[in-house]
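Asker: protein.txt is reproduced below (compact mmCIF, C-alpha atoms and all ligand atoms).
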```txt
# COMPACT_ATOMS: atom_id res chain seq x y z
CA MET T 1 53.24 123.73 121.42
CA GLY T 2 57.01 123.74 121.62
CA THR T 3 57.04 119.96 121.30
CA ILE T 4 54.85 120.01 118.20
CA THR T 5 57.01 122.66 116.58
CA SER T 6 60.19 120.72 117.24
CA THR T 7 58.60 117.46 116.00
CA LEU T 8 57.57 119.24 112.80
CA THR T 9 61.05 120.68 112.38
CA THR T 10 62.58 117.25 112.89
CA THR T 11 60.20 115.71 110.33
CA LEU T 12 60.96 118.44 107.80
CA LEU T 13 64.70 117.99 108.29
CA PHE T 14 64.27 114.26 107.79
CA LEU T 15 62.28 114.74 104.57
CA THR T 16 64.84 117.24 103.26
CA THR T 17 67.64 114.77 103.92
CA LEU T 18 65.73 112.05 102.06
CA ALA T 19 65.21 114.32 99.07
CA LEU T 20 68.88 115.27 98.88
CA ALA T 21 70.25 111.74 99.21
CA GLU T 22 69.00 110.57 95.83
CA SER T 23 69.73 107.07 94.69
CA PRO T 24 68.71 105.13 91.61
CA ALA T 25 65.77 102.80 91.26
CA GLY T 26 66.63 99.14 91.03
CA THR T 27 69.08 97.39 93.30
CA PRO T 28 72.68 98.11 92.33
CA ARG T 29 74.74 95.17 93.48
CA ILE T 30 78.45 94.42 93.37
CA ASN T 31 79.11 91.64 90.87
CA SER T 32 82.91 91.77 90.85
CA ILE T 33 85.49 92.93 93.35
CA SER T 34 89.22 92.38 93.59
CA TYR T 35 92.09 94.14 95.31
CA SER T 36 95.84 94.38 95.05
CA GLY T 37 98.75 96.25 96.59
CA SER T 38 101.30 95.78 99.35
CA GLY T 39 98.65 96.40 102.01
CA CYS T 40 96.14 93.88 100.67
CA PRO T 41 97.49 90.95 98.68
CA GLN T 42 94.45 89.20 97.15
CA THR T 43 94.49 86.33 99.62
CA GLN T 44 95.01 88.58 102.63
CA ALA T 45 91.99 90.84 102.61
CA ARG T 46 88.31 90.04 102.88
CA PHE T 47 85.33 91.90 101.49
CA SER T 48 81.90 91.80 103.09
CA GLY T 49 78.62 93.69 102.81
CA SER T 50 77.04 95.41 99.82
CA LEU T 51 77.22 98.70 97.95
CA ASP T 52 75.26 100.36 100.77
CA ASP T 53 77.44 98.92 103.47
CA PRO T 54 80.84 97.78 102.09
CA THR T 55 83.74 96.67 104.28
CA LEU T 56 87.19 95.57 103.28
CA THR T 57 89.01 93.92 106.18
CA PHE T 58 92.80 93.81 106.07
CA ASN T 59 94.98 91.05 107.36
CA HIS T 60 98.29 92.90 107.58
CA PHE T 61 98.27 96.47 106.27
CA ALA T 62 101.12 97.79 108.40
CA ILE T 63 103.87 100.36 107.92
CA GLU T 64 106.71 101.61 110.07
CA TYR T 65 109.38 104.30 110.13
CA PRO T 66 112.32 104.15 109.91
CA ASN T 67 112.21 101.26 107.48
CA THR T 68 113.12 101.53 103.84
CA VAL T 69 110.90 98.72 102.56
CA ASN T 70 107.62 99.31 104.35
CA ARG T 71 107.24 102.93 105.40
CA THR T 72 104.49 103.12 102.78
CA ALA T 73 101.78 100.68 101.69
CA ASN T 74 98.69 100.79 99.51
CA CYS T 75 95.54 98.87 98.70
CA GLN T 76 93.73 99.31 95.40
CA VAL T 77 90.19 97.98 95.01
CA HIS T 78 88.62 97.26 91.62
CA MET T 79 84.85 97.04 91.72
CA GLN T 80 82.00 96.50 89.27
CA ALA T 81 78.30 96.65 89.99
CA GLN T 82 75.15 95.92 88.05
CA GLY T 83 71.45 96.61 88.36
CA VAL T 84 71.55 100.39 88.09
CA SER T 85 68.57 101.99 86.36
CA ALA T 86 69.18 104.20 83.31
CA GLY T 87 70.26 107.81 83.72
CA TRP T 88 72.53 107.69 86.74
CA GLN T 89 76.16 108.39 87.61
CA VAL T 90 78.00 107.36 90.73
CA SER T 91 81.05 108.67 92.54
CA VAL T 92 82.88 108.06 95.79
CA LYS T 93 82.12 110.79 98.33
CA ASP T 94 84.29 109.63 101.23
CA THR T 95 86.63 106.83 102.16
CA PHE T 96 87.15 105.78 105.79
CA VAL T 97 90.04 103.68 107.04
CA ASP T 98 90.04 102.37 110.61
CA GLY T 99 93.35 101.60 112.24
CA HIS T 100 95.88 102.33 114.93
CA VAL T 101 98.73 104.81 114.87
CA THR T 102 101.83 105.40 116.98
CA LEU T 103 103.67 108.67 116.28
CA ASP T 104 106.74 109.92 118.11
CA PRO T 105 107.02 113.75 118.35
CA GLY T 106 107.71 115.12 114.88
CA ALA T 107 106.37 112.06 113.02
CA THR T 108 103.74 112.42 110.29
CA LEU T 109 101.31 110.01 108.67
CA ASP T 110 100.20 111.12 105.20
CA TYR T 111 97.24 109.30 103.69
CA PHE T 112 95.76 109.52 100.22
CA SER T 113 92.72 108.11 98.45
CA THR T 114 92.52 108.13 94.67
CA VAL T 115 89.36 107.25 92.75
CA TYR T 116 88.96 106.71 89.01
CA PHE T 117 86.92 104.73 86.53
CA SER T 118 88.93 102.59 84.10
CA SER T 119 86.97 104.07 81.17
CA SER T 120 88.26 107.56 82.06
CA ALA T 121 91.50 107.03 83.98
CA ASP T 122 92.56 110.62 83.21
CA ASP T 123 89.76 111.93 85.40
CA ALA T 124 91.18 110.62 88.66
CA ALA T 125 90.25 112.40 91.88
CA THR T 126 92.60 112.45 94.86
CA SER T 127 91.99 113.42 98.46
CA LYS T 128 94.88 113.92 100.89
CA GLY T 129 94.94 113.83 104.66
CA GLN T 130 97.63 114.19 107.29
CA LEU T 131 98.12 113.27 110.92
CA ALA T 132 101.15 115.00 112.44
CA ASN T 133 102.47 114.84 115.98
CA ASP T 134 103.34 118.46 116.75
CA GLY T 135 103.47 117.82 120.49
CA SER T 136 106.21 116.63 122.83
CA SER T 137 104.85 113.19 123.78
CA ARG T 138 104.07 110.06 121.81
CA ILE T 139 100.65 109.65 120.20
CA ASP T 140 99.31 106.09 120.46
CA LYS T 141 95.65 105.75 119.53
CA ALA T 142 92.92 104.23 117.38
CA VAL T 143 92.04 106.40 114.36
CA THR T 144 89.52 106.67 111.54
CA LEU T 145 91.18 108.32 108.56
CA GLN T 146 88.62 110.07 106.38
CA ASN T 147 89.32 111.23 102.84
CA HIS T 148 86.54 113.49 101.58
CA PHE T 149 86.25 114.21 97.86
CA THR T 150 85.35 117.78 96.97
CA ASP T 151 86.30 117.22 93.33
CA LYS T 152 84.82 113.86 92.38
CA ALA T 153 85.44 111.28 89.69
CA TRP T 154 82.05 110.37 88.15
CA SER T 155 81.16 107.23 86.24
CA SER T 156 79.70 107.53 82.77
CA CYS T 157 75.92 107.77 82.57
CA THR T 158 74.02 104.47 82.70
CA THR T 159 71.93 103.88 79.59
CA SER T 160 69.83 100.74 80.11
CA SER T 161 67.57 99.55 82.90
CA ASN T 162 70.01 97.01 84.34
CA ASP T 163 73.28 98.77 83.60
CA GLY T 164 76.67 98.66 85.32
CA PHE T 165 78.90 101.62 86.17
CA GLY T 166 82.11 100.24 84.68
CA ILE T 167 85.24 99.43 86.63
CA LEU T 168 85.63 101.62 89.69
CA ASN T 169 89.11 101.80 91.22
CA ILE T 170 89.77 103.08 94.74
CA ASN T 171 93.36 103.29 95.92
CA PHE T 172 94.30 104.05 99.54
CA ARG T 173 97.91 104.74 100.48
CA GLY T 174 99.55 105.55 103.79
CA ALA T 175 103.11 106.84 104.31
CA LEU T 176 105.11 107.65 107.43
CA ARG T 177 107.95 110.14 107.70
CA ASN T 178 110.38 112.08 109.93
CA GLU T 179 110.39 110.13 113.19
CA LYS T 180 109.78 106.71 114.66
CA SER T 181 106.22 105.69 113.93
CA TYR T 182 103.88 102.83 113.14
CA PHE T 183 100.50 102.55 111.44
CA GLU T 184 98.24 99.59 110.95
CA ALA T 185 94.98 99.73 108.97
CA THR T 186 92.35 97.21 110.00
CA SER T 187 89.46 97.95 107.62
CA GLU T 188 88.17 100.32 104.96
CA THR T 189 84.74 101.47 103.83
CA TRP T 190 83.37 103.92 101.22
CA ASP T 191 80.37 106.22 100.88
CA PHE T 192 78.97 106.59 97.38
CA GLU T 193 77.04 109.45 95.86
CA TRP T 194 74.54 109.14 92.98
CA ARG T 195 73.26 111.81 90.66
CA ARG T 196 70.94 111.94 87.64
CA CYS T 197 72.44 112.56 84.23
C1 LIG K 201 108.77 95.66 107.63
O1 LIG K 201 109.70 94.84 106.98
C2 LIG K 201 110.62 94.23 107.87
C3 LIG K 201 111.66 93.50 107.02
O2 LIG K 201 111.07 92.66 106.08
C4 LIG K 201 109.86 93.29 108.80
O3 LIG K 201 110.75 92.67 109.71
C5 LIG K 201 108.82 94.10 109.57
O4 LIG K 201 108.03 93.25 110.37
C6 LIG K 201 107.93 94.85 108.61
N1 LIG K 201 107.06 95.75 109.37
C7 LIG K 201 105.74 95.71 109.28
C8 LIG K 201 105.05 96.76 110.06
O5 LIG K 201 105.13 94.90 108.61
```
When written as structure tokens, how does the structure in this file appear?
Answerer:
Amino acid sequence: MGTITSTLTTTLLFLTTLALAESPAGTPRINSISYSGSGCPQTQARFSGSLDDPTLTFNHFAIEYPNTVNRTANCQVHMQAQGVSAGWQVSVKDTFVDGHVTLDPGATLDYFSTVYFSSSADDAATSKGQLANDGSSRIDKAVTLQNHFTDKAWSSCTTSSNDGFGILNINFRGALRNEKSYFEATSETWDFEWRRC
């Protein structure tokens, strides 16, 4: 009896999750992607995967403190997709950057993701995160830096059956301060959210 109840509960949870994670009919696919910034010169980063499973792999996205020229670096991605059915909007829900950080006591890594659509650049959304070493020994570890968007930038509403969502821009920036430190980003990925409009 207990097993049946828990199986039912699991099934219901699964169905609820499916209902909440709405996505448009059709097969939205990326038809243009480029990137720029000190962390990802066009020839030094590589994109793979699809809209459901995107990965940008960096070649040398590295910053260090103290250093006046490279204590901060950024990578901005410009993306267009097509094949979205009519009546949908998309936004970026989370960005995730994998990397490695070394922070002496007192050092701080600030990281920011900014998302906007070129058609409405005034409606940019920014999410900030921070990794600070408040302890007395050096931090030296692999990290996944997540930027979650509570306030989101939404695309305009698609109007035809094979529409695109315009030019989506996602900028990630990292900055070190206070004490000796180093950060290297190895790859980045994004989670999208769709809604009807
Ligand atoms: C920062 O710039 C200096 C001077 O150009 C260079 O020697 C160093 O390797 C750079 N650091 C990183 C982490 O790329």
Asker: Enter the distance from CA of Asn133 in chain T to CA of Thr114 in chain T, in Å, rounded to one decimal.
Answerer: 24.5 Å
Asker: If the limit is 7 Å from any atom of ligand LIG 201 (chain K), counting all atoms listed in the file, which residues qualify? Return them as an MDAnalysis selection string.
Answerer: chainID T and resid 62:64 67 69:70 182
Asker: What is the CA of Thr108 in chain T to CA of Asn59 in chain T distance in Å?
Answerer: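 Atom-to-atom, CA of Thr108 in chain T to CA of Asn59 in chain T, that is 23.3 Å.
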Asker: Which value, in Å to one decimal, gives the distance between CA of Asn147 in chain T and CA of Thr95 in chain T?
Answerer: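 The value is 5.2 Å.
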Asker: Ranking T:Arg196, T:Asn178, T:Arg29, T:Ser187 by minimum distance to Gln44 in chain T and counting all atoms listed in the file, which one comes first?
Answerer: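 Closest candidate: T:Ser187.
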Asker: Between T:Ile33, T:Leu103, T:Val84, T:Ala73, which has the minimum distance to Ser136 in chain T (counting only C-alpha atoms)?
Answerer: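 Of T:Ile33, T:Leu103, T:Val84, T:Ala73, the one nearest Ser136 in chain T, counting only C-alpha atoms, is T:Leu103.
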Asker: Please provide the set of residues having any atom within 7 Å of range 116-127 of chain T, restricted to all atoms listed in the file, with same-chain residues fewer than 5 positions apart removed, written as a list in words.
Answerer: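 Within the cut-off, the hits are Asn147, His148, Phe149, Asp151, Lys152, Ala153, Ser155, Gly166, Ile167, Leu168, Asn169 and Ile170 of chain T.
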Asker: I need the residue nearest His60 in chain T from this list: T:Trp88, T:Trp190, T:Phe112, T:Phe183. Use all atoms listed in the file for the distance.
Answerer: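 Checking each candidate against His60 in chain T, we get T:Phe183 as the closest.
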Asker: Hey, what's within 8 Å of Gln130 in chain T if we count only C-alpha atoms and toss same-chain stuff fewer than 2 positions away? As a list in words, please?
Answerer: Thr108, Leu109, Asp110, Tyr111, Lys128 and Ala132 of chain T
Asker: Which residue, T:Arg138, T:Arg173, T:Arg71, T:His100, has the smallest gap to Val115 in chain T when you use all atoms listed in the file?
Answerer: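 Closest to Val115 in chain T, using all atoms listed in the file: T:Arg173.
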Asker: Which is closest to Thr68 in chain T among T:Arg195, T:Thr158, T:Ser113, T:Leu176, if we use only C-alpha atoms?
Answerer: T:Leu176
Asker: Restricting the calculation to all atoms listed in the file, which member of T:Asn162, T:Gln89, T:Thr55, T:Thr72 is positioned closest to Asp191 in chain T?
Answerer: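 When distances to Asp191 in chain T are compared using all atoms listed in the file, the smallest one comes from T:Thr55.
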Asker: Write out as a PyMOL selection string each polymer residue whose atoms come within 10 Å of Ile139 in chain T, counting only C-alpha atoms; drop sequence neighbours fewer than 2 positions from it.
Answerer: chain T and resi 101-105+107+132-137+141-142+181
Asker: Which residues are near Ser160 in chain T? Cut-off 12 Å, only C-alpha atoms, ignore same chain within fewer than 4 positions. Put them as a list of chain:residue names.
Answerer: T:Gly26, T:Gln82, T:Gly83, T:Val84, T:Ser85, T:Ala86, T:Gly87, T:Trp88, T:Gly164, T:Phe165
Asker: Please determine the residues with any atom at most 7 Å from (77.0, 97.7, 96.9) (coordinates as given in the file, with all atoms listed in the file counting) and report them as an MDAnalysis selection string.
Answerer: chainID T and resid 28:30 50:54
Asker: Would you mind completing range 124-138 of chain T so that it carries N, CA and C atoms, and writing it out as an mmCIF file, in the coordinates of the input?
Answerer:
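Below you can see rebuild_9.cif, which holds the result:
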```cif
data_model
loop_
_atom_site.group_PDB
_atom_site.id
_atom_site.type_symbol
_atom_site.label_atom_id
_atom_site.label_comp_id
_atom_site.auth_asym_id
_atom_site.auth_seq_id
_atom_site.Cartn_x
_atom_site.Cartn_y
_atom_site.Cartn_z
ATOM 1 N N ALA T 124 91.032 111.141 87.299
ATOM 2 C CA ALA T 124 91.180 110.620 88.660
ATOM 3 C C ALA T 124 90.981 111.759 89.658
ATOM 4 N N ALA T 125 90.392 111.430 90.795
ATOM 5 C CA ALA T 125 90.250 112.400 91.880
ATOM 6 C C ALA T 125 91.061 111.908 93.073
ATOM 7 N N THR T 126 91.782 112.825 93.707
ATOM 8 C CA THR T 126 92.600 112.450 94.860
ATOM 9 C C THR T 126 92.265 113.321 96.054
ATOM 10 N N SER T 127 92.209 112.699 97.209
ATOM 11 C CA SER T 127 91.990 113.420 98.460
ATOM 12 C C SER T 127 93.128 113.083 99.413
ATOM 13 N N LYS T 128 93.724 114.120 100.010
ATOM 14 C CA LYS T 128 94.880 113.920 100.890
ATOM 15 C C LYS T 128 94.552 114.283 102.325
ATOM 16 N N GLY T 129 95.086 113.509 103.248
ATOM 17 C CA GLY T 129 94.940 113.830 104.660
ATOM 18 C C GLY T 129 96.268 113.676 105.360
ATOM 19 N N GLN T 130 96.363 114.234 106.563
ATOM 20 C CA GLN T 130 97.630 114.190 107.290
ATOM 21 C C GLN T 130 97.386 114.162 108.794
ATOM 22 N N LEU T 131 98.160 113.331 109.469
ATOM 23 C CA LEU T 131 98.120 113.270 110.920
ATOM 24 C C LEU T 131 99.542 113.509 111.391
ATOM 25 N N ALA T 132 99.779 114.664 112.031
ATOM 26 C CA ALA T 132 101.150 115.000 112.440
ATOM 27 C C ALA T 132 101.204 115.142 113.961
ATOM 28 N N ASN T 133 102.277 114.650 114.537
ATOM 29 C CA ASN T 133 102.470 114.840 115.980
ATOM 30 C C ASN T 133 103.314 116.081 116.209
ATOM 31 N N ASP T 134 102.644 117.198 116.514
ATOM 32 C CA ASP T 134 103.340 118.460 116.750
ATOM 33 C C ASP T 134 103.660 118.651 118.235
ATOM 34 N N GLY T 135 103.274 117.689 119.048
ATOM 35 C CA GLY T 135 103.470 117.820 120.490
ATOM 36 C C GLY T 135 104.807 117.276 120.949
ATOM 37 N N SER T 136 104.925 117.065 122.280
ATOM 38 C CA SER T 136 106.210 116.630 122.830
ATOM 39 C C SER T 136 106.123 115.215 123.408
ATOM 40 N N SER T 137 104.934 114.579 123.308
ATOM 41 C CA SER T 137 104.850 113.190 123.780
ATOM 42 C C SER T 137 104.276 112.299 122.682
ATOM 43 N N ARG T 138 104.485 111.013 122.834
ATOM 44 C CA ARG T 138 104.070 110.060 121.810
ATOM 45 C C ARG T 138 102.548 109.983 121.693
#
```
